[in-house]
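Undergrad: What follows is model.cif, mmCIF, C-alpha atoms and all ligand atoms.
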data_data
#
loop_
_atom_site.label_atom_id
_atom_site.label_comp_id
_atom_site.auth_asym_id
_atom_site.auth_seq_id
_atom_site.Cartn_x
_atom_site.Cartn_y
_atom_site.Cartn_z
CA MET H 393 -7.42 -257.42 -185.29
CA THR H 394 -7.77 -259.55 -182.21
CA SER H 395 -10.85 -261.25 -180.92
CA GLN H 396 -12.15 -263.58 -178.25
CA LEU H 397 -12.76 -267.24 -178.92
CA SER H 398 -15.46 -269.19 -177.15
CA TYR H 399 -14.58 -272.44 -175.46
CA LEU H 400 -16.36 -275.62 -174.45
CA SER H 401 -16.34 -276.75 -170.84
CA ILE H 402 -14.46 -279.76 -169.50
CA ASP H 403 -16.23 -282.54 -167.58
CA ARG H 404 -15.87 -282.32 -163.79
CA ARG H 405 -16.22 -285.61 -161.96
CA ASP H 406 -16.20 -285.96 -158.19
CA ASN H 407 -15.95 -289.71 -157.85
CA LEU H 408 -14.61 -291.31 -160.95
CA SER H 409 -13.93 -295.05 -160.79
CA ARG H 410 -10.98 -296.69 -162.55
CA GLU H 411 -13.33 -298.27 -165.14
CA GLU H 412 -15.19 -295.02 -165.80
CA PHE H 413 -11.90 -293.17 -166.25
CA ILE H 414 -10.58 -295.78 -168.70
CA ASP H 415 -13.79 -296.07 -170.76
CA GLN H 416 -14.92 -292.46 -170.78
CA TYR H 417 -11.64 -290.52 -170.81
CA LEU H 418 -8.44 -292.55 -171.29
CA LYS H 419 -9.52 -294.68 -174.26
CA PRO H 420 -11.34 -291.89 -176.18
CA LYS H 421 -8.60 -289.43 -175.12
CA ARG H 422 -10.90 -286.86 -173.51
CA PRO H 423 -9.83 -284.45 -170.79
CA VAL H 424 -11.53 -284.48 -167.39
CA ILE H 425 -11.19 -282.68 -164.06
CA MET H 426 -11.18 -285.06 -161.11
CA ARG H 427 -11.66 -284.29 -157.42
CA SER H 428 -11.05 -287.87 -156.29
CA PHE H 429 -7.52 -288.12 -157.73
CA ALA H 430 -5.83 -286.19 -154.91
CA ALA H 431 -8.59 -286.37 -152.28
CA ASN H 432 -6.46 -288.18 -149.70
CA TRP H 433 -3.15 -286.46 -150.30
CA PRO H 434 -1.52 -284.90 -147.20
CA ALA H 435 0.32 -282.64 -149.67
CA LEU H 436 -2.78 -280.48 -150.12
CA GLU H 437 -2.58 -279.39 -146.49
CA LYS H 438 1.15 -279.60 -145.94
CA TRP H 439 2.82 -277.97 -148.93
CA SER H 440 2.50 -274.35 -147.88
CA TYR H 441 4.96 -271.72 -149.10
CA ASP H 442 6.57 -271.69 -145.62
CA TYR H 443 6.96 -275.46 -145.48
CA LEU H 444 8.67 -275.59 -148.88
CA LYS H 445 10.81 -272.59 -148.01
CA GLN H 446 12.02 -274.26 -144.82
CA GLY H 447 12.83 -277.48 -146.69
CA CYS H 448 14.73 -276.12 -149.68
CA GLY H 449 14.59 -272.31 -149.63
CA ASP H 450 18.32 -272.10 -150.39
CA VAL H 451 18.24 -274.14 -153.57
CA GLU H 452 18.99 -272.03 -156.64
CA VAL H 453 16.13 -272.55 -159.12
CA PRO H 454 15.92 -271.71 -162.83
CA LEU H 455 13.13 -269.28 -163.72
CA TYR H 456 11.31 -268.76 -167.01
CA SER H 457 9.64 -265.60 -168.10
CA GLU H 458 8.75 -265.83 -171.72
CA ALA H 459 6.48 -268.17 -173.53
CA PHE H 460 7.40 -271.29 -175.45
CA ALA H 461 7.35 -269.53 -178.77
CA ASN H 462 10.51 -267.50 -178.61
CA SER H 463 12.62 -267.20 -181.69
CA ASP H 464 15.91 -266.64 -179.90
CA ASN H 465 15.91 -269.33 -177.22
CA ASP H 466 15.49 -273.03 -176.86
CA TYR H 467 12.07 -273.21 -175.20
CA LEU H 468 13.53 -275.22 -172.33
CA ASP H 469 16.11 -272.49 -171.59
CA SER H 470 15.63 -270.55 -168.38
CA THR H 471 16.05 -266.80 -168.32
CA GLN H 472 17.47 -266.35 -164.80
CA SER H 473 17.82 -268.07 -161.44
CA MET H 474 17.17 -267.26 -157.77
CA PRO H 475 17.08 -269.10 -154.41
CA PHE H 476 13.73 -270.92 -154.17
CA GLY H 477 12.82 -269.14 -150.90
CA GLU H 478 13.40 -265.73 -152.47
CA TYR H 479 11.26 -266.72 -155.43
CA LEU H 480 8.41 -267.84 -153.14
CA ASP H 481 8.55 -264.45 -151.38
CA LEU H 482 8.46 -262.73 -154.75
CA ILE H 483 5.29 -264.46 -155.99
CA GLN H 484 3.52 -263.78 -152.70
CA ALA H 485 4.38 -260.08 -152.93
CA GLY H 486 2.49 -259.51 -156.22
CA PRO H 487 2.14 -260.37 -159.91
CA THR H 488 5.24 -261.48 -161.82
CA PRO H 489 5.72 -263.21 -165.17
CA LEU H 490 8.42 -265.41 -163.61
CA ARG H 491 7.56 -269.07 -163.25
CA MET H 492 9.28 -272.34 -162.46
CA PHE H 493 9.00 -275.18 -164.91
CA LEU H 494 9.54 -278.93 -164.39
CA PHE H 495 11.19 -278.44 -160.97
CA ASN H 496 12.34 -281.70 -159.38
CA VAL H 497 11.73 -280.61 -155.77
CA PHE H 498 11.98 -284.24 -154.62
CA LYS H 499 15.73 -284.28 -155.18
CA HIS H 500 16.01 -281.69 -152.40
CA MET H 501 13.07 -282.76 -150.20
CA PRO H 502 12.65 -286.52 -150.76
CA GLN H 503 10.22 -286.64 -147.82
CA LEU H 504 7.62 -284.89 -150.03
CA ARG H 505 7.13 -288.15 -151.90
CA GLU H 506 5.28 -289.48 -148.86
CA ASP H 507 2.63 -286.77 -149.24
CA PHE H 508 0.98 -287.98 -152.45
CA SER H 509 0.22 -291.26 -154.19
CA TYR H 510 -0.49 -292.63 -157.64
CA PRO H 511 -4.11 -293.76 -157.95
CA ASP H 512 -4.80 -296.96 -159.88
CA LEU H 513 -6.32 -295.62 -163.10
CA GLY H 514 -4.96 -298.22 -165.51
CA VAL H 515 -2.04 -296.07 -166.69
CA THR H 516 1.73 -296.53 -166.33
CA PHE H 517 2.90 -293.55 -164.30
CA LEU H 518 6.45 -292.29 -164.80
CA LYS H 519 7.15 -292.45 -161.08
CA ASN H 520 10.64 -290.97 -161.36
CA HIS H 521 9.27 -287.84 -162.95
CA PRO H 522 6.85 -285.98 -160.69
CA PHE H 523 7.38 -282.25 -161.19
CA LEU H 524 6.45 -279.11 -159.32
CA PHE H 525 5.24 -276.08 -161.29
CA VAL H 526 5.20 -272.74 -159.50
CA GLY H 527 4.22 -269.37 -160.89
CA GLY H 528 3.31 -265.81 -159.96
CA GLN H 529 0.01 -264.18 -160.83
CA ASP H 530 -0.07 -263.35 -164.58
CA ALA H 531 2.64 -265.87 -165.49
CA TYR H 532 1.63 -268.06 -168.42
CA VAL H 533 2.85 -271.04 -170.39
CA ASP H 534 2.32 -270.79 -174.13
CA ILE H 535 0.29 -273.46 -175.83
CA HIS H 536 2.18 -276.70 -176.48
CA TYR H 537 1.88 -280.43 -175.99
CA ASP H 538 4.32 -282.54 -174.01
CA LEU H 539 7.40 -283.38 -176.00
CA ASP H 540 7.47 -287.09 -175.07
CA HIS H 541 3.70 -287.49 -175.70
CA SER H 542 3.03 -288.45 -172.08
CA HIS H 543 -0.39 -288.07 -170.46
CA VAL H 544 -0.43 -285.29 -167.87
CA PHE H 545 -2.24 -285.33 -164.51
CA LEU H 546 -1.88 -281.81 -163.15
CA THR H 547 -3.05 -281.26 -159.57
CA GLN H 548 -3.54 -277.72 -158.33
CA MET H 549 -2.13 -277.45 -154.79
CA THR H 550 -2.51 -273.72 -154.08
CA GLY H 551 -3.81 -270.81 -156.15
CA THR H 552 -5.89 -270.95 -159.33
CA LYS H 553 -5.04 -271.47 -162.96
CA ARG H 554 -6.82 -270.98 -166.27
CA VAL H 555 -6.30 -273.87 -168.66
CA ILE H 556 -7.16 -273.94 -172.38
CA LEU H 557 -6.98 -277.26 -174.23
CA TYR H 558 -7.17 -278.32 -177.87
CA GLY H 559 -7.32 -281.89 -179.15
CA SER H 560 -4.26 -283.52 -180.68
CA GLU H 561 -5.81 -283.48 -184.18
CA ASN H 562 -5.72 -279.66 -184.34
CA GLY H 563 -2.03 -279.07 -185.10
CA ARG H 564 -2.55 -277.54 -188.53
CA HIS H 565 -5.38 -275.26 -187.37
CA LEU H 566 -3.14 -274.12 -184.51
CA TYR H 567 -0.37 -273.27 -186.99
CA GLN H 568 1.99 -275.79 -185.39
CA HIS H 569 5.61 -275.14 -186.24
CA PRO H 570 7.01 -278.19 -188.01
CA LEU H 571 9.41 -280.37 -185.96
CA THR H 572 8.18 -278.76 -182.72
CA VAL H 573 5.35 -279.13 -180.18
CA SER H 574 4.43 -275.43 -180.19
CA CYS H 575 3.13 -272.57 -182.30
CA ASN H 576 3.19 -268.79 -182.26
CA ILE H 577 -0.37 -268.02 -181.11
CA ASP H 578 -0.73 -265.99 -177.93
CA PHE H 579 -3.84 -267.39 -176.26
CA ARG H 580 -4.09 -264.47 -173.87
CA ASN H 581 -5.34 -262.53 -176.87
CA PRO H 582 -5.44 -264.66 -180.04
CA ASP H 583 -5.02 -262.77 -183.29
CA LEU H 584 -7.75 -264.21 -185.51
CA GLU H 585 -6.80 -262.12 -188.48
CA ARG H 586 -3.33 -263.58 -188.55
CA TYR H 587 -4.54 -267.06 -187.55
CA PRO H 588 -8.03 -267.34 -189.13
CA LYS H 589 -8.14 -271.16 -189.06
CA LEU H 590 -8.49 -270.99 -185.28
CA LYS H 591 -12.13 -270.04 -185.82
CA ASP H 592 -12.80 -273.48 -187.39
CA ILE H 593 -11.90 -275.51 -184.29
CA HIS H 594 -13.14 -275.76 -180.73
CA GLY H 595 -11.01 -275.54 -177.63
CA TYR H 596 -11.90 -276.29 -174.03
CA GLU H 597 -11.43 -274.04 -171.03
CA CYS H 598 -11.52 -274.37 -167.25
CA ILE H 599 -10.31 -272.78 -164.04
CA LEU H 600 -8.44 -275.15 -161.75
CA GLU H 601 -8.93 -274.72 -158.00
CA PRO H 602 -6.88 -276.30 -155.19
CA GLY H 603 -7.67 -280.02 -155.04
CA ASP H 604 -8.60 -280.28 -158.76
CA THR H 605 -6.64 -282.62 -161.00
CA ILE H 606 -6.93 -282.19 -164.74
CA PHE H 607 -6.20 -285.13 -167.02
CA ILE H 608 -4.59 -283.83 -170.23
CA PRO H 609 -4.40 -286.74 -172.69
CA SER H 610 -1.25 -287.47 -174.68
CA ARG H 611 -0.54 -284.86 -177.39
CA TRP H 612 -3.36 -282.57 -176.28
CA TRP H 613 -2.40 -278.92 -176.59
CA HIS H 614 -2.44 -276.89 -173.37
CA PHE H 615 -2.13 -273.20 -172.56
CA ILE H 616 -1.83 -272.28 -168.88
CA GLU H 617 -2.28 -268.91 -167.23
CA TYR H 618 -1.77 -268.31 -163.50
CA SER H 619 -4.86 -266.37 -162.34
CA SER H 620 -3.14 -266.14 -158.97
CA ALA H 621 0.25 -267.21 -157.66
CA GLY H 622 0.19 -270.95 -157.20
CA ILE H 623 1.78 -274.35 -157.02
CA SER H 624 0.84 -277.50 -158.87
CA LEU H 625 2.17 -281.02 -159.06
CA THR H 626 2.26 -282.85 -162.36
CA LEU H 627 2.32 -286.64 -162.56
CA ARG H 628 2.93 -288.07 -165.98
CA ALA H 629 2.05 -291.40 -167.58
CA LEU H 630 3.22 -293.22 -170.69
CA PRO H 631 0.90 -293.56 -173.69
CA GLU H 632 -0.60 -297.07 -173.83
CA THR H 633 0.86 -298.47 -177.05
CA TRP H 634 4.44 -299.04 -178.12
CA PRO H 635 4.00 -297.14 -181.43
CA ALA H 636 2.72 -294.13 -179.44
CA ARG H 637 5.73 -294.36 -177.11
CA ALA H 638 8.08 -294.60 -180.10
CA ALA H 639 6.42 -291.52 -181.60
CA GLY H 640 7.19 -289.71 -178.32
CA LEU H 641 10.88 -290.59 -178.65
CA ALA H 642 10.86 -289.49 -182.29
CA SER H 643 9.31 -286.19 -181.22
CA ILE H 644 12.14 -285.59 -178.72
CA PHE H 645 14.68 -286.35 -181.45
CA LYS H 646 12.99 -283.99 -183.93
CA LEU H 647 12.95 -281.09 -181.50
CA LYS H 648 16.14 -281.59 -179.54
CA VAL H 649 18.32 -282.66 -182.46
CA ILE H 650 16.98 -281.74 -185.91
CA ASP H 651 15.19 -278.49 -185.06
CA GLN H 652 18.07 -277.20 -182.97
CA TYR H 653 20.68 -278.24 -185.52
CA VAL H 654 18.89 -276.47 -188.37
CA GLY H 655 18.41 -273.39 -186.17
CA LYS H 656 22.14 -273.26 -185.48
CA MET H 657 23.03 -273.78 -189.12
CA ILE H 658 20.82 -271.13 -190.68
CA GLY H 659 20.27 -268.81 -187.70
CA GLU H 660 17.47 -269.01 -185.08
CA LYS H 661 15.49 -266.01 -186.32
CA LYS H 662 15.50 -267.04 -189.96
CA TRP H 663 14.59 -270.66 -189.05
CA TYR H 664 11.76 -269.45 -186.79
CA GLN H 665 10.31 -267.35 -189.63
CA MET H 666 10.58 -270.28 -192.04
CA LYS H 667 8.64 -272.48 -189.60
CA GLU H 668 5.99 -269.79 -189.18
CA ASP H 669 5.60 -269.48 -192.99
CA TRP H 670 5.44 -273.25 -193.30
CA ALA H 671 2.78 -273.40 -190.57
CA HIS H 672 0.64 -270.86 -192.49
CA ALA H 673 1.02 -272.83 -195.73
CA ARG H 674 -0.10 -276.03 -194.00
CA ALA H 675 -3.00 -274.27 -192.29
CA ARG H 676 -4.28 -272.93 -195.61
CA LYS H 677 -4.54 -276.52 -196.87
CA ALA H 678 -6.13 -277.81 -193.66
O1 LIG M 701 1.36 -275.51 -164.91
C1 LIG M 701 2.36 -275.14 -165.51
O2 LIG M 701 3.04 -274.17 -165.18
C2 LIG M 701 2.78 -275.89 -166.76
C3 LIG M 701 2.26 -277.30 -166.80
C4 LIG M 701 2.61 -278.01 -168.07
O3 LIG M 701 2.80 -277.42 -169.10
C5 LIG M 701 2.69 -279.46 -168.08
O4 LIG M 701 2.48 -280.10 -167.02
O5 LIG M 701 2.96 -280.03 -169.16
#
What does this structure look like when you write it as structure tokens?
TA:
Amino acid sequence: MTSQLSYLSIDRRDNLSREEFIDQYLKPKRPVIMRSFAANWPALEKWSYDYLKQGCGDVEVPLYSEAFANSDNDYLDSTQSMPFGEYLDLIQAGPTPLRMFLFNVFKHMPQLREDFSYPDLGVTFLKNHPFLFVGGQDAYVDIHYDLDHSHVFLTQMTGTKRVILYGSENGRHLYQHPLTVSCNIDFRNPDLERYPKLKDIHGYECILEPGDTIFIPSRWWHFIEYSSAGISLTLRALPETWPARAAGLASIFKLKVIDQYVGKMIGEKKWYQMKEDWAHARARKA
């Protein structure tokens, strides 16, 4: 049996000062949608499909089709590749599940770095790691939180996106697979019979429009669905404390070393099933 969940809304703030952001959102770790974050960015006008195609249309880019929860692949593995220009034509032609993930466009078009800036919001931005995310209508990214526990500032440049968030404390109710940052729930149509604990927690939902920036606090779970083809830019920032940063490194080690090693030793499918069973056992006790 499947069913719909209801979601809470996310604060939308047009002019958020540094102090308000720190006190009301960063410190309590609450998500917010900001209009002021990218208000003065030339990128919002300039980064059209044609402009990007002219600048690096020939670059071969990895594409991802399936969700994070995939028993046979490392979730960071791409499924195919294509010249960027061809991919941009494809997403403009109609719906496609193919999306680009963590694309470092600035390696190929360094001039794009002039088109945005890092507002002073009291966080330490990882300035070497801005990433472009591009997807076709109907593409989606399964629910997860960022492996290194960084804060995410995702600005929608073109197109619209549906975002669902859950707080970092909800891992067990989301049937988190041990050693990973993901689970097996499909938020396009969550199966509440298989995952009944989902009914006990509250998620948040919003639609991002061009010019919106959503702040996703460290370790907050996010599911993303492209309601139309679109491009977004993600800036990331370190968690504030050293123990939180160390936990981020430990998380990378758990997923990239231990989880993958065990998967190779006992077989990916069997290991995936064991993690799913383990997640259900933990959820029952939650
Ligand atoms: O917007 C996307 O395609 C994915 C964004 C994401 O998962 C992230 O920034 O961590």
Undergrad: For each of H:Leu590, H:Leu566, H:Ala678, H:Leu524, take the minimum atom-to-atom distance to ligand LIG 701 (chain M), counting all atoms listed in the file, then give the residue where this is smallest.
TA: H:Leu524
Undergrad: Hey, what's within 12 Å of Val451 in chain H if we count all atoms listed in the file and toss same-chain stuff fewer than 5 positions away? As an mmCIF file with C-alpha atoms, in the frame of the given file, please?
TA:
data_model
loop_
_atom_site.group_PDB
_atom_site.id
_atom_site.type_symbol
_atom_site.label_atom_id
_atom_site.label_comp_id
_atom_site.auth_asym_id
_atom_site.auth_seq_id
_atom_site.Cartn_x
_atom_site.Cartn_y
_atom_site.Cartn_z
ATOM 1 C CA LEU H 444 8.670 -275.590 -148.880
ATOM 2 C CA LYS H 445 10.810 -272.590 -148.010
ATOM 3 C CA GLN H 446 12.020 -274.260 -144.820
ATOM 4 C CA SER H 473 17.820 -268.070 -161.440
ATOM 5 C CA MET H 474 17.170 -267.260 -157.770
ATOM 6 C CA PRO H 475 17.080 -269.100 -154.410
ATOM 7 C CA PHE H 476 13.730 -270.920 -154.170
ATOM 8 C CA GLY H 477 12.820 -269.140 -150.900
ATOM 9 C CA GLU H 478 13.400 -265.730 -152.470
ATOM 10 C CA TYR H 479 11.260 -266.720 -155.430
ATOM 11 C CA LEU H 480 8.410 -267.840 -153.140
ATOM 12 C CA PHE H 495 11.190 -278.440 -160.970
ATOM 13 C CA ASN H 496 12.340 -281.700 -159.380
ATOM 14 C CA VAL H 497 11.730 -280.610 -155.770
ATOM 15 C CA PHE H 498 11.980 -284.240 -154.620
ATOM 16 C CA LYS H 499 15.730 -284.280 -155.180
ATOM 17 C CA HIS H 500 16.010 -281.690 -152.400
ATOM 18 C CA MET H 501 13.070 -282.760 -150.200
#
Undergrad: When you count all atoms listed in the file, which of these residues is closest to Cys575 in chain H: H:Gln665, H:Gln652, H:Asn520, H:Thr633?
TA: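 Ranking H:Gln665, H:Gln652, H:Asn520, H:Thr633 by distance to Cys575 in chain H, first place goes to H:Gln665.
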Undergrad: Nearest residue to ligand LIG 701 (chain M) out of H:Leu455, H:Leu397, H:Leu627, H:Leu557, using only C-alpha atoms and all ligand atoms?
TA: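 Answer, going by the shortest atom-to-atom distance: H:Leu627.
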Undergrad: Would you name the residues within 7 Å of ligand LIG 701 (chain M), counting all atoms listed in the file, and put them as a PDB file with C-alpha atoms, keeping the file's coordinate frame?
TA:
ATOM      1  CA  PHE H 493       9.000-275.180-164.910  1.00  0.00           C
ATOM      2  CA  PHE H 525       5.240-276.080-161.290  1.00  0.00           C
ATOM      3  CA  VAL H 526       5.200-272.740-159.500  1.00  0.00           C
ATOM      4  CA  GLY H 527       4.220-269.370-160.890  1.00  0.00           C
ATOM      5  CA  VAL H 533       2.850-271.040-170.390  1.00  0.00           C
ATOM      6  CA  TYR H 537       1.880-280.430-175.990  1.00  0.00           C
ATOM      7  CA  ASP H 538       4.320-282.540-174.010  1.00  0.00           C
ATOM      8  CA  VAL H 544      -0.430-285.290-167.870  1.00  0.00           C
ATOM      9  CA  LEU H 546      -1.880-281.810-163.150  1.00  0.00           C
ATOM     10  CA  HIS H 614      -2.440-276.890-173.370  1.00  0.00           C
ATOM     11  CA  ILE H 616      -1.830-272.280-168.880  1.00  0.00           C
ATOM     12  CA  SER H 624       0.840-277.500-158.870  1.00  0.00           C
ATOM     13  CA  THR H 626       2.260-282.850-162.360  1.00  0.00           C
TER      14      THR H 626
END
Undergrad: Just the residues within 9 Å of Asp540 in chain H, please, counting all atoms listed in the file, with nothing from its chain fewer than 2 positions along; format it as a count of residues only.
TA: 13
Undergrad: With a distance cut-off of 9 Å and all atoms listed in the file, select the neighbouring residues of Asp592 in chain H, excluding the residue or stretch itself and same-chain residues fewer than 3 positions from it, and output the selection as a PDB file with C-alpha atoms, keeping the file's coordinate frame.
TA:
ATOM      1  CA  HIS H 565      -5.380-275.260-187.370  1.00  0.00           C
ATOM      2  CA  PRO H 588      -8.030-267.340-189.130  1.00  0.00           C
ATOM      3  CA  LYS H 589      -8.140-271.160-189.060  1.00  0.00           C
TER       4      LYS H 589
END
Undergrad: Taking (-8.0, -279.8, -177.9) in the coordinates of the supplied file, I want to know which residues reach to within 10 Å of it, counting all atoms listed in the file; could you give the answer as a VMD selection string?
TA: chain H and resid 400 422 to 423 556 to 563 566 593 to 597 608 to 609 611 to 614
Undergrad: Range 503-517 of chain H: which residues within 6 Å, counting all atoms listed in the file, same-chain residues fewer than 4 positions away excluded, as JSON, numbers by chain?
TA: {"H": [410, 433, 434, 435, 628, 629, 630]}
Undergrad: Could you work out how far CA of Phe429 in chain H lies from CA of Thr552 in chain H, giving the answer in Å with one decimal?
TA: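 That distance, rounded to one decimal, is 17.3 Å.
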Undergrad: Mind pulling up the distance from CA of Ile577 in chain H to CA of Ser398 in chain H?
TA: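 Interatomic distance here is 15.6 Å.
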Undergrad: Just give me the residues with any atom within 7 Å of (-4.7, -271.2, -156.2), file coordinates, counting all atoms listed in the file, written as number ranges by chain.
TA: H: 548-553, 601-602, 620-622
Undergrad: Take the residues just selected and output them with C-alpha atoms as a compact mmCIF listing (two decimals), in the frame of the given file.
TA:
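This went into selection-v8.txt:
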# COMPACT_ATOMS: atom_id res chain seq x y z
CA GLN H 548 -3.54 -277.72 -158.33
CA MET H 549 -2.13 -277.45 -154.79
CA THR H 550 -2.51 -273.72 -154.08
CA GLY H 551 -3.81 -270.81 -156.15
CA THR H 552 -5.89 -270.95 -159.33
CA LYS H 553 -5.04 -271.47 -162.96
CA GLU H 601 -8.93 -274.72 -158.00
CA PRO H 602 -6.88 -276.30 -155.19
CA SER H 620 -3.14 -266.14 -158.97
CA ALA H 621 0.25 -267.21 -157.66
CA GLY H 622 0.19 -270.95 -157.20
Undergrad: Give the answer as one residue: which of H:Phe607, H:Tyr587, H:Phe615, H:Tyr443 has the shortest atom-to-atom distance to Tyr532 in chain H, using only C-alpha atoms?
TA: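 Closest to Tyr532 in chain H of all the choices is H:Phe615.
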